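Shown next, in structure tokens, is the structure this report addresses.
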Amino acid sequence: MADTGRIPRNITNTLDFHKPEEDTPVMASSTSFIIAAGFILFICFFGIIGNSLVFWYLCLKIKRTKYTIYIINLAVADLIYLIFISLVMSITIPLFLKQELAADPITVMFALEIILGLGNYAGMFLLTAISVERCLAIYHPMWYRYKRPKFQSLLVCVIIWGLSILLTLVDNVGCPPELFGTVTVRCTAVHIFLSVLVFLLIIPTMVISSLIMLITVKKSSKKNHPPKLVIVIVATVMVFLISVAPVRVLWLLLYLMVLPSGFSSATFFFAVYMCISINSSVNPFIYFVVGRQKMQGVQNFLEKALKKVFGEEEDKEEGEKGVTKHHEEGETTEPNIS
């Protein structure tokens with residue numbers, strides 16, 4: 001069984017700031033943890049640049065579509081997470097170097113944990129919403145083109161941010177750091193609720209939507225490559241499942257104290273944030289790789305790559321609508337000609 005005294009709710013509990021050095025075994029490996037924190041900062045640096053570029057181009061350079069609204073919000077959610085995990089790691093390194101901070105680290109870390117949770121939940125829900133919407137567009141194309149509410153993307157994003165704020169408060173206020181290691185009824189209820197939400201609703205929805213997309217696209221276009229948007233969505237879902245889902249399983253096992261007694265909670269903490277940082281950083285690179293073309297200039301490459309991914313479906317829909325409109329106008333004028 002895991003040592004309940006070492007179970008971390010966040011880095012506050014992991015580092016156990018107010019205990020003397022001899023009572024804190026993680027200090028013996030401080031060099032390794034400083035290197036890990038530096039590597040996470042390195043990942044976050046590139047993730048912040050990539051998501052900032054995506055946000056800039058989709059907001060100011062590229063025509064707004066149904067999907068770019070989701071991607072803009074996803075980039076914001078990832079930026080929130082990456083910026084604040086960078087702050088967490090920046091605070092962690094001085095603590096391992098035994099340098100005093102101006103503010104109380106417990107209070108600062110708890111505040112950062114709430115903001116991190118907001119970015120994490122928002123990103124998860126936005127990815128689910130993108131998967132479901134694209135699945136509906138493929139499976140029910142007529143509804144999607146002609147009956148879909150005009151402001152559906154914006155409305156869904158507003159609901160997602162509201163729901164993310166609510167879940168973050170439930171997670172961090174419903175089970176604060178001082179109660180996490182005691183396995184109280186209150187904390188257990190919070191973790192059961194969040195685990196059911198993630199593993200029985202969010203993840204199955206992502207997987208089922210992605211499978212429906214792939215199967216439907218494969219049947220409808222056997223000779224053609226799948227649309228780039230479908231490739232992007234499936235790739236981002238796969239990265240999430242590989243990097244984040246196992247971490248959440250281990251986090252629940254850690255709380256339930258079913259891990260081996262030699263399990264290092266500090267090592268687990270850094271592994272968690274490294275995996276989620278990779279998940280939040282890799283999405284822009286997926287967009288650029290999928291939408292790449294032979295072109296010159298970095299600026300031109302980024303802009304055209306995003307247009308290729310997120311403008312392809314919109315151009316196709318507008319072309320089909322134009323053909324349908326022209327056909328209807330032809331049928332209307334035909335009796336007058338005769």
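Letters for chains follow the order of the structure tokens (A, B, ...), residue numbers begin at 1 for each chain, and ligand numbers begin at 1 in the order shown.
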Item to check | Filtered DSSP result for region 134-266 of chain A, state helix (DSSP H, G or I), as an MDAnalysis selection string | outcome: chainID A and resid 134:139 141:147 152:174 177:180 185:220 228:243 245:255 265:266
Next on the checklist: What's around region 274-278 of chain A at 7 Å? Count only C-alpha atoms, leave out sequence neighbours fewer than 5 positions away in its own chain, and write the answer as a list in words.
Outcome noted: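 Near region 274-278 of chain A, the qualifying residues are Ile40, Ile43, Cys44, Leu82, Ser243 and Val244 of chain A.
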Need to verify the contact set: region 151-153 of chain A, 10 Å, only C-alpha atoms, exclusion of same-chain residues closer than 3 positions in sequence. Can you return it as a PDB file with N, CA and C atoms, in the first residue's frame?
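part-v4.pdb, written as the output of this step:
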ATOM      1  N   THR A  65     -14.451  29.848 -38.810  1.00  0.00           N
ATOM      2  CA  THR A  65     -15.361  28.764 -39.184  1.00  0.00           C
ATOM      3  C   THR A  65     -15.918  28.110 -37.921  1.00  0.00           C
ATOM      4  N   LYS A  66     -16.773  27.099 -38.138  1.00  0.00           N
ATOM      5  CA  LYS A  66     -17.363  26.388 -36.996  1.00  0.00           C
ATOM      6  C   LYS A  66     -16.283  25.750 -36.137  1.00  0.00           C
ATOM      7  N   TYR A  67     -15.255  25.222 -36.773  1.00  0.00           N
ATOM      8  CA  TYR A  67     -14.235  24.476 -36.039  1.00  0.00           C
ATOM      9  C   TYR A  67     -13.153  25.382 -35.470  1.00  0.00           C
ATOM     10  N   THR A  68     -12.836  26.484 -36.149  1.00  0.00           N
ATOM     11  CA  THR A  68     -11.777  27.348 -35.626  1.00  0.00           C
ATOM     12  C   THR A  68     -12.172  27.965 -34.291  1.00  0.00           C
ATOM     13  N   ILE A  69     -13.465  28.150 -34.046  1.00  0.00           N
ATOM     14  CA  ILE A  69     -13.907  28.664 -32.743  1.00  0.00           C
ATOM     15  C   ILE A  69     -13.520  27.688 -31.634  1.00  0.00           C
ATOM     16  N   TYR A  70     -13.733  26.402 -31.895  1.00  0.00           N
ATOM     17  CA  TYR A  70     -13.328  25.397 -30.905  1.00  0.00           C
ATOM     18  C   TYR A  70     -11.809  25.384 -30.738  1.00  0.00           C
ATOM     19  N   ALA A 129     -16.032  18.007 -27.527  1.00  0.00           N
ATOM     20  CA  ALA A 129     -17.013  18.729 -28.344  1.00  0.00           C
ATOM     21  C   ALA A 129     -16.620  18.733 -29.816  1.00  0.00           C
ATOM     22  N   ILE A 130     -15.326  18.921 -30.100  1.00  0.00           N
ATOM     23  CA  ILE A 130     -14.847  18.897 -31.490  1.00  0.00           C
ATOM     24  C   ILE A 130     -15.089  17.528 -32.110  1.00  0.00           C
ATOM     25  N   GLU A 133     -18.902  17.041 -32.723  1.00  0.00           N
ATOM     26  CA  GLU A 133     -19.421  17.886 -33.807  1.00  0.00           C
ATOM     27  C   GLU A 133     -18.977  17.371 -35.172  1.00  0.00           C
ATOM     28  N   ARG A 148     -28.073  23.206 -38.570  1.00  0.00           N
ATOM     29  CA  ARG A 148     -27.228  23.461 -37.401  1.00  0.00           C
ATOM     30  C   ARG A 148     -27.362  24.923 -36.986  1.00  0.00           C
ATOM     31  N   VAL A 156     -21.575  26.435 -27.235  1.00  0.00           N
ATOM     32  CA  VAL A 156     -20.965  25.253 -26.617  1.00  0.00           C
ATOM     33  C   VAL A 156     -19.701  25.638 -25.860  1.00  0.00           C
ATOM     34  N   CYS A 157     -18.899  26.538 -26.419  1.00  0.00           N
ATOM     35  CA  CYS A 157     -17.665  26.958 -25.743  1.00  0.00           C
ATOM     36  C   CYS A 157     -17.964  27.694 -24.438  1.00  0.00           C
ATOM     37  N   VAL A 158     -18.985  28.537 -24.448  1.00  0.00           N
ATOM     38  CA  VAL A 158     -19.369  29.249 -23.222  1.00  0.00           C
ATOM     39  C   VAL A 158     -19.810  28.250 -22.144  1.00  0.00           C
TER      40      VAL A 158
END
Item to check | Of the listed residues A:Leu229, A:Ala235, A:Cys175, A:Leu241, that which approaches Ile202 (chain A) most closely, counting only C-alpha atoms | outcome: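 Smallest separation from Ile202 (chain A) among the options: A:Leu241.
The shell of residues at most 10 Å from Ile71 (chain A), with only C-alpha atoms counted and near chain neighbours (fewer than 2 positions) removed, consists of A:Asn51, A:Val54, A:Phe55, A:Leu58, A:Thr65, A:Lys66, A:Tyr67, A:Thr68, A:Ile69, A:Asn73, A:Leu74, A:Ala75, A:Val76, A:Ala77, A:Gly123, A:Leu126, A:Leu127, A:Ile130, A:Asn283, A:Pro284, A:Phe310.
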Write a file of the selected residues as a compact mmCIF listing (two decimals), in the first residue's frame, keeping N, CA, C and O atoms.
# COMPACT_ATOMS: atom_id res chain seq x y z
N ASN A 51 0.89 27.25 -29.37
CA ASN A 51 -0.50 27.64 -29.14
C ASN A 51 -0.74 29.12 -29.35
O ASN A 51 -1.82 29.52 -29.78
N VAL A 54 -1.09 29.55 -33.09
CA VAL A 54 -2.41 29.07 -33.51
C VAL A 54 -3.48 30.10 -33.16
O VAL A 54 -4.34 30.44 -33.99
N PHE A 55 -3.43 30.62 -31.94
CA PHE A 55 -4.41 31.62 -31.51
C PHE A 55 -4.33 32.87 -32.39
O PHE A 55 -5.34 33.41 -32.82
N LEU A 58 -5.55 32.05 -36.18
CA LEU A 58 -6.98 31.73 -36.28
C LEU A 58 -7.86 32.92 -35.90
O LEU A 58 -8.98 33.04 -36.39
N THR A 65 -14.45 29.85 -38.81
CA THR A 65 -15.36 28.76 -39.18
C THR A 65 -15.92 28.11 -37.92
O THR A 65 -15.56 28.47 -36.80
N LYS A 66 -16.77 27.10 -38.14
CA LYS A 66 -17.36 26.39 -37.00
C LYS A 66 -16.28 25.75 -36.14
O LYS A 66 -16.39 25.72 -34.91
N TYR A 67 -15.25 25.22 -36.77
CA TYR A 67 -14.24 24.48 -36.04
C TYR A 67 -13.15 25.38 -35.47
O TYR A 67 -12.58 25.07 -34.42
N THR A 68 -12.84 26.48 -36.15
CA THR A 68 -11.78 27.35 -35.63
C THR A 68 -12.17 27.96 -34.29
O THR A 68 -11.30 28.25 -33.47
N ILE A 69 -13.47 28.15 -34.05
CA ILE A 69 -13.91 28.66 -32.74
C ILE A 69 -13.52 27.69 -31.63
O ILE A 69 -13.02 28.08 -30.57
N ASN A 73 -10.46 28.27 -28.68
CA ASN A 73 -10.70 28.05 -27.24
C ASN A 73 -9.81 26.94 -26.70
O ASN A 73 -9.34 27.02 -25.56
N LEU A 74 -9.55 25.91 -27.51
CA LEU A 74 -8.64 24.84 -27.08
C LEU A 74 -7.23 25.39 -26.90
O LEU A 74 -6.53 25.02 -25.94
N ALA A 75 -6.80 26.27 -27.81
CA ALA A 75 -5.47 26.89 -27.68
C ALA A 75 -5.39 27.74 -26.41
O ALA A 75 -4.37 27.74 -25.72
N VAL A 76 -6.48 28.45 -26.09
CA VAL A 76 -6.51 29.25 -24.86
C VAL A 76 -6.41 28.35 -23.63
O VAL A 76 -5.66 28.64 -22.69
N ALA A 77 -7.17 27.25 -23.63
CA ALA A 77 -7.12 26.31 -22.51
C ALA A 77 -5.71 25.73 -22.34
O ALA A 77 -5.20 25.64 -21.22
N GLY A 123 -9.83 22.02 -21.72
CA GLY A 123 -9.24 21.34 -22.86
C GLY A 123 -9.87 19.98 -23.13
O GLY A 123 -10.12 19.60 -24.28
N LEU A 126 -13.42 20.56 -24.58
CA LEU A 126 -13.37 21.12 -25.93
C LEU A 126 -12.98 20.05 -26.95
O LEU A 126 -13.55 20.00 -28.04
N LEU A 127 -12.04 19.20 -26.59
CA LEU A 127 -11.65 18.11 -27.49
C LEU A 127 -12.82 17.15 -27.71
O LEU A 127 -13.04 16.68 -28.84
N ILE A 130 -15.33 18.92 -30.10
CA ILE A 130 -14.85 18.90 -31.49
C ILE A 130 -15.09 17.53 -32.11
O ILE A 130 -15.54 17.41 -33.26
N ASN A 283 -0.57 19.71 -29.81
CA ASN A 283 -1.66 19.99 -30.76
C ASN A 283 -1.26 20.94 -31.89
O ASN A 283 -1.55 20.65 -33.06
N PRO A 284 -0.60 22.09 -31.61
CA PRO A 284 -0.21 22.96 -32.74
C PRO A 284 0.69 22.27 -33.75
O PRO A 284 0.55 22.50 -34.96
N PHE A 310 -8.23 23.72 -41.47
CA PHE A 310 -9.53 24.19 -40.97
C PHE A 310 -10.38 24.88 -42.03
O PHE A 310 -11.56 25.14 -41.79
Checklist entry - Residues at most 9 Å from Ile138 (chain A), counting only C-alpha atoms, excluding those fewer than 2 positions away in the same chain, as a PyMOL selection string? => result chain A and resi 133-136+140-141+144+212-213+216-217
Next on the checklist: Just want the 12 Å neighbourhood of Tyr57 (chain A), counted on only C-alpha atoms, with same-chain residues fewer than 3 positions away dropped. Output as a list in words.
Outcome noted: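 Close residues of Tyr57 (chain A): Gly50, Asn51, Ser52, Leu53, Val54, Leu60, Lys61, Ile62, Lys63, Arg64, Thr68, Ile71, Ile72, Ala75, Pro284, Gln299, Asn300, Phe301, Leu302, Glu303, Lys304, Ala305, Leu306, Lys307 and Phe310 of chain A.
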Could those residues be written to a file, using N, CA, C and O atoms, as a short mmCIF file (atom, residue, chain, number, x, y, z; two decimals), in the first residue's frame?
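Output contents, as saved in part_38.cif:
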data_model
loop_
_atom_site.label_atom_id
_atom_site.label_comp_id
_atom_site.auth_asym_id
_atom_site.auth_seq_id
_atom_site.Cartn_x
_atom_site.Cartn_y
_atom_site.Cartn_z
N GLY A 50 3.74 27.52 -29.78
CA GLY A 50 2.86 26.89 -30.77
C GLY A 50 1.41 27.31 -30.60
O GLY A 50 0.74 27.68 -31.58
N ASN A 51 0.89 27.25 -29.37
CA ASN A 51 -0.50 27.64 -29.14
C ASN A 51 -0.74 29.12 -29.35
O ASN A 51 -1.82 29.52 -29.78
N SER A 52 0.27 29.94 -29.05
CA SER A 52 0.14 31.38 -29.30
C SER A 52 0.03 31.67 -30.80
O SER A 52 -0.77 32.51 -31.23
N LEU A 53 0.83 30.96 -31.60
CA LEU A 53 0.76 31.12 -33.05
C LEU A 53 -0.60 30.68 -33.59
O LEU A 53 -1.19 31.34 -34.46
N VAL A 54 -1.09 29.55 -33.09
CA VAL A 54 -2.41 29.07 -33.51
C VAL A 54 -3.48 30.10 -33.16
O VAL A 54 -4.34 30.44 -33.99
N LEU A 60 -6.85 36.31 -36.24
CA LEU A 60 -6.60 37.52 -37.03
C LEU A 60 -6.32 37.29 -38.50
O LEU A 60 -6.49 38.20 -39.31
N LYS A 61 -5.87 36.10 -38.88
CA LYS A 61 -5.41 35.89 -40.24
C LYS A 61 -6.29 34.96 -41.07
O LYS A 61 -6.22 34.98 -42.29
N ILE A 62 -7.07 34.13 -40.43
CA ILE A 62 -7.83 33.09 -41.12
C ILE A 62 -9.33 33.29 -40.87
O ILE A 62 -9.74 33.66 -39.77
N LYS A 63 -10.11 33.03 -41.90
CA LYS A 63 -11.55 33.18 -41.80
C LYS A 63 -12.12 32.28 -40.70
O LYS A 63 -11.78 31.11 -40.59
N ARG A 64 -12.99 32.85 -39.86
CA ARG A 64 -13.58 32.11 -38.76
C ARG A 64 -14.58 31.07 -39.27
O ARG A 64 -15.43 31.36 -40.11
N THR A 68 -12.84 26.48 -36.15
CA THR A 68 -11.78 27.35 -35.63
C THR A 68 -12.17 27.96 -34.29
O THR A 68 -11.30 28.25 -33.47
N ILE A 71 -11.08 25.44 -31.84
CA ILE A 71 -9.62 25.34 -31.79
C ILE A 71 -9.03 26.57 -31.08
O ILE A 71 -8.05 26.45 -30.34
N ILE A 72 -9.61 27.74 -31.30
CA ILE A 72 -9.16 28.94 -30.60
C ILE A 72 -9.32 28.76 -29.09
O ILE A 72 -8.41 29.06 -28.31
N ALA A 75 -6.80 26.27 -27.81
CA ALA A 75 -5.47 26.89 -27.68
C ALA A 75 -5.39 27.74 -26.41
O ALA A 75 -4.37 27.74 -25.72
N PRO A 284 -0.60 22.09 -31.61
CA PRO A 284 -0.21 22.96 -32.74
C PRO A 284 0.69 22.27 -33.75
O PRO A 284 0.55 22.50 -34.96
N GLN A 299 6.32 32.10 -41.98
CA GLN A 299 5.03 32.74 -41.78
C GLN A 299 4.01 32.20 -42.77
O GLN A 299 2.89 31.86 -42.42
N ASN A 300 4.39 32.09 -44.03
CA ASN A 300 3.50 31.57 -45.06
C ASN A 300 3.14 30.11 -44.76
O ASN A 300 2.02 29.68 -44.96
N PHE A 301 4.11 29.36 -44.27
CA PHE A 301 3.89 27.95 -43.97
C PHE A 301 2.84 27.78 -42.87
O PHE A 301 1.91 27.00 -43.00
N LEU A 302 2.98 28.53 -41.79
CA LEU A 302 2.06 28.39 -40.67
C LEU A 302 0.64 28.78 -41.06
O LEU A 302 -0.33 28.07 -40.76
N GLU A 303 0.53 29.90 -41.74
CA GLU A 303 -0.80 30.38 -42.11
C GLU A 303 -1.49 29.43 -43.08
O GLU A 303 -2.65 29.07 -42.91
N LYS A 304 -0.77 28.98 -44.11
CA LYS A 304 -1.38 28.11 -45.11
C LYS A 304 -1.64 26.71 -44.57
O LYS A 304 -2.59 26.04 -44.99
N ALA A 305 -0.80 26.25 -43.63
CA ALA A 305 -1.04 24.95 -43.02
C ALA A 305 -2.34 24.96 -42.24
O ALA A 305 -3.15 24.02 -42.33
N LEU A 306 -2.60 26.02 -41.48
CA LEU A 306 -3.84 26.12 -40.71
C LEU A 306 -5.04 26.28 -41.64
O LEU A 306 -6.12 25.71 -41.39
N LYS A 307 -4.87 27.05 -42.72
CA LYS A 307 -5.96 27.19 -43.69
C LYS A 307 -6.29 25.86 -44.34
O LYS A 307 -7.46 25.54 -44.58
N PHE A 310 -8.23 23.72 -41.47
CA PHE A 310 -9.53 24.19 -40.97
C PHE A 310 -10.38 24.88 -42.03
O PHE A 310 -11.56 25.14 -41.79
#
Item to check | CA of Leu250 (chain A) to CA of Val132 (chain A), distance in Å rounded to a single decimal | outcome: 26.9 Å
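CA of Asn279 (chain A) is positioned 6.1 Å from CA of Phe240 (chain A).
Between CA of Val290 (chain A) and CA of Val232 (chain A) the interatomic distance comes to 6.9 Å.
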Checklist entry - Using only C-alpha atoms, which residues sit within 7 Å of Thr168 (chain A) once same-chain residues fewer than 2 positions away are excluded, as a ChimeraX atom specification? => result /A:114,117-118,164-166,170-172
Quick one: write out the picked residues with N, CA, C and O atoms as an mmCIF file, in the first residue's frame?
data_model
loop_
_atom_site.group_PDB
_atom_site.id
_atom_site.type_symbol
_atom_site.label_atom_id
_atom_site.label_comp_id
_atom_site.auth_asym_id
_atom_site.auth_seq_id
_atom_site.Cartn_x
_atom_site.Cartn_y
_atom_site.Cartn_z
ATOM 1 N N ILE A 114 -5.857 25.582 -8.883
ATOM 2 C CA ILE A 114 -7.218 25.872 -9.347
ATOM 3 C C ILE A 114 -7.205 26.311 -10.808
ATOM 4 O O ILE A 114 -8.019 25.850 -11.621
ATOM 5 N N GLY A 117 -6.428 23.402 -13.069
ATOM 6 C CA GLY A 117 -7.603 22.549 -13.248
ATOM 7 C C GLY A 117 -8.563 23.122 -14.274
ATOM 8 O O GLY A 117 -9.151 22.382 -15.069
ATOM 9 N N LEU A 118 -8.714 24.448 -14.283
ATOM 10 C CA LEU A 118 -9.595 25.096 -15.259
ATOM 11 C C LEU A 118 -9.122 24.817 -16.678
ATOM 12 O O LEU A 118 -9.917 24.414 -17.542
ATOM 13 N N SER A 164 -16.317 23.915 -16.743
ATOM 14 C CA SER A 164 -14.940 23.711 -16.292
ATOM 15 C C SER A 164 -14.667 24.452 -14.991
ATOM 16 O O SER A 164 -13.989 23.931 -14.092
ATOM 17 N N ILE A 165 -15.162 25.671 -14.889
ATOM 18 C CA ILE A 165 -15.020 26.430 -13.633
ATOM 19 C C ILE A 165 -15.691 25.687 -12.487
ATOM 20 O O ILE A 165 -15.132 25.557 -11.385
ATOM 21 N N LEU A 166 -16.900 25.175 -12.740
ATOM 22 C CA LEU A 166 -17.636 24.454 -11.707
ATOM 23 C C LEU A 166 -16.885 23.202 -11.252
ATOM 24 O O LEU A 166 -16.736 22.944 -10.048
ATOM 25 N N VAL A 170 -15.248 22.171 -7.624
ATOM 26 C CA VAL A 170 -15.609 20.916 -6.956
ATOM 27 C C VAL A 170 -14.361 20.121 -6.612
ATOM 28 O O VAL A 170 -14.229 19.567 -5.509
ATOM 29 N N ASP A 171 -13.429 20.061 -7.549
ATOM 30 C CA ASP A 171 -12.208 19.271 -7.373
ATOM 31 C C ASP A 171 -11.318 19.847 -6.273
ATOM 32 O O ASP A 171 -10.850 19.129 -5.383
ATOM 33 N N ASN A 172 -11.078 21.152 -6.305
ATOM 34 C CA ASN A 172 -10.095 21.758 -5.411
ATOM 35 C C ASN A 172 -10.679 22.249 -4.089
ATOM 36 O O ASN A 172 -9.977 22.230 -3.072
#
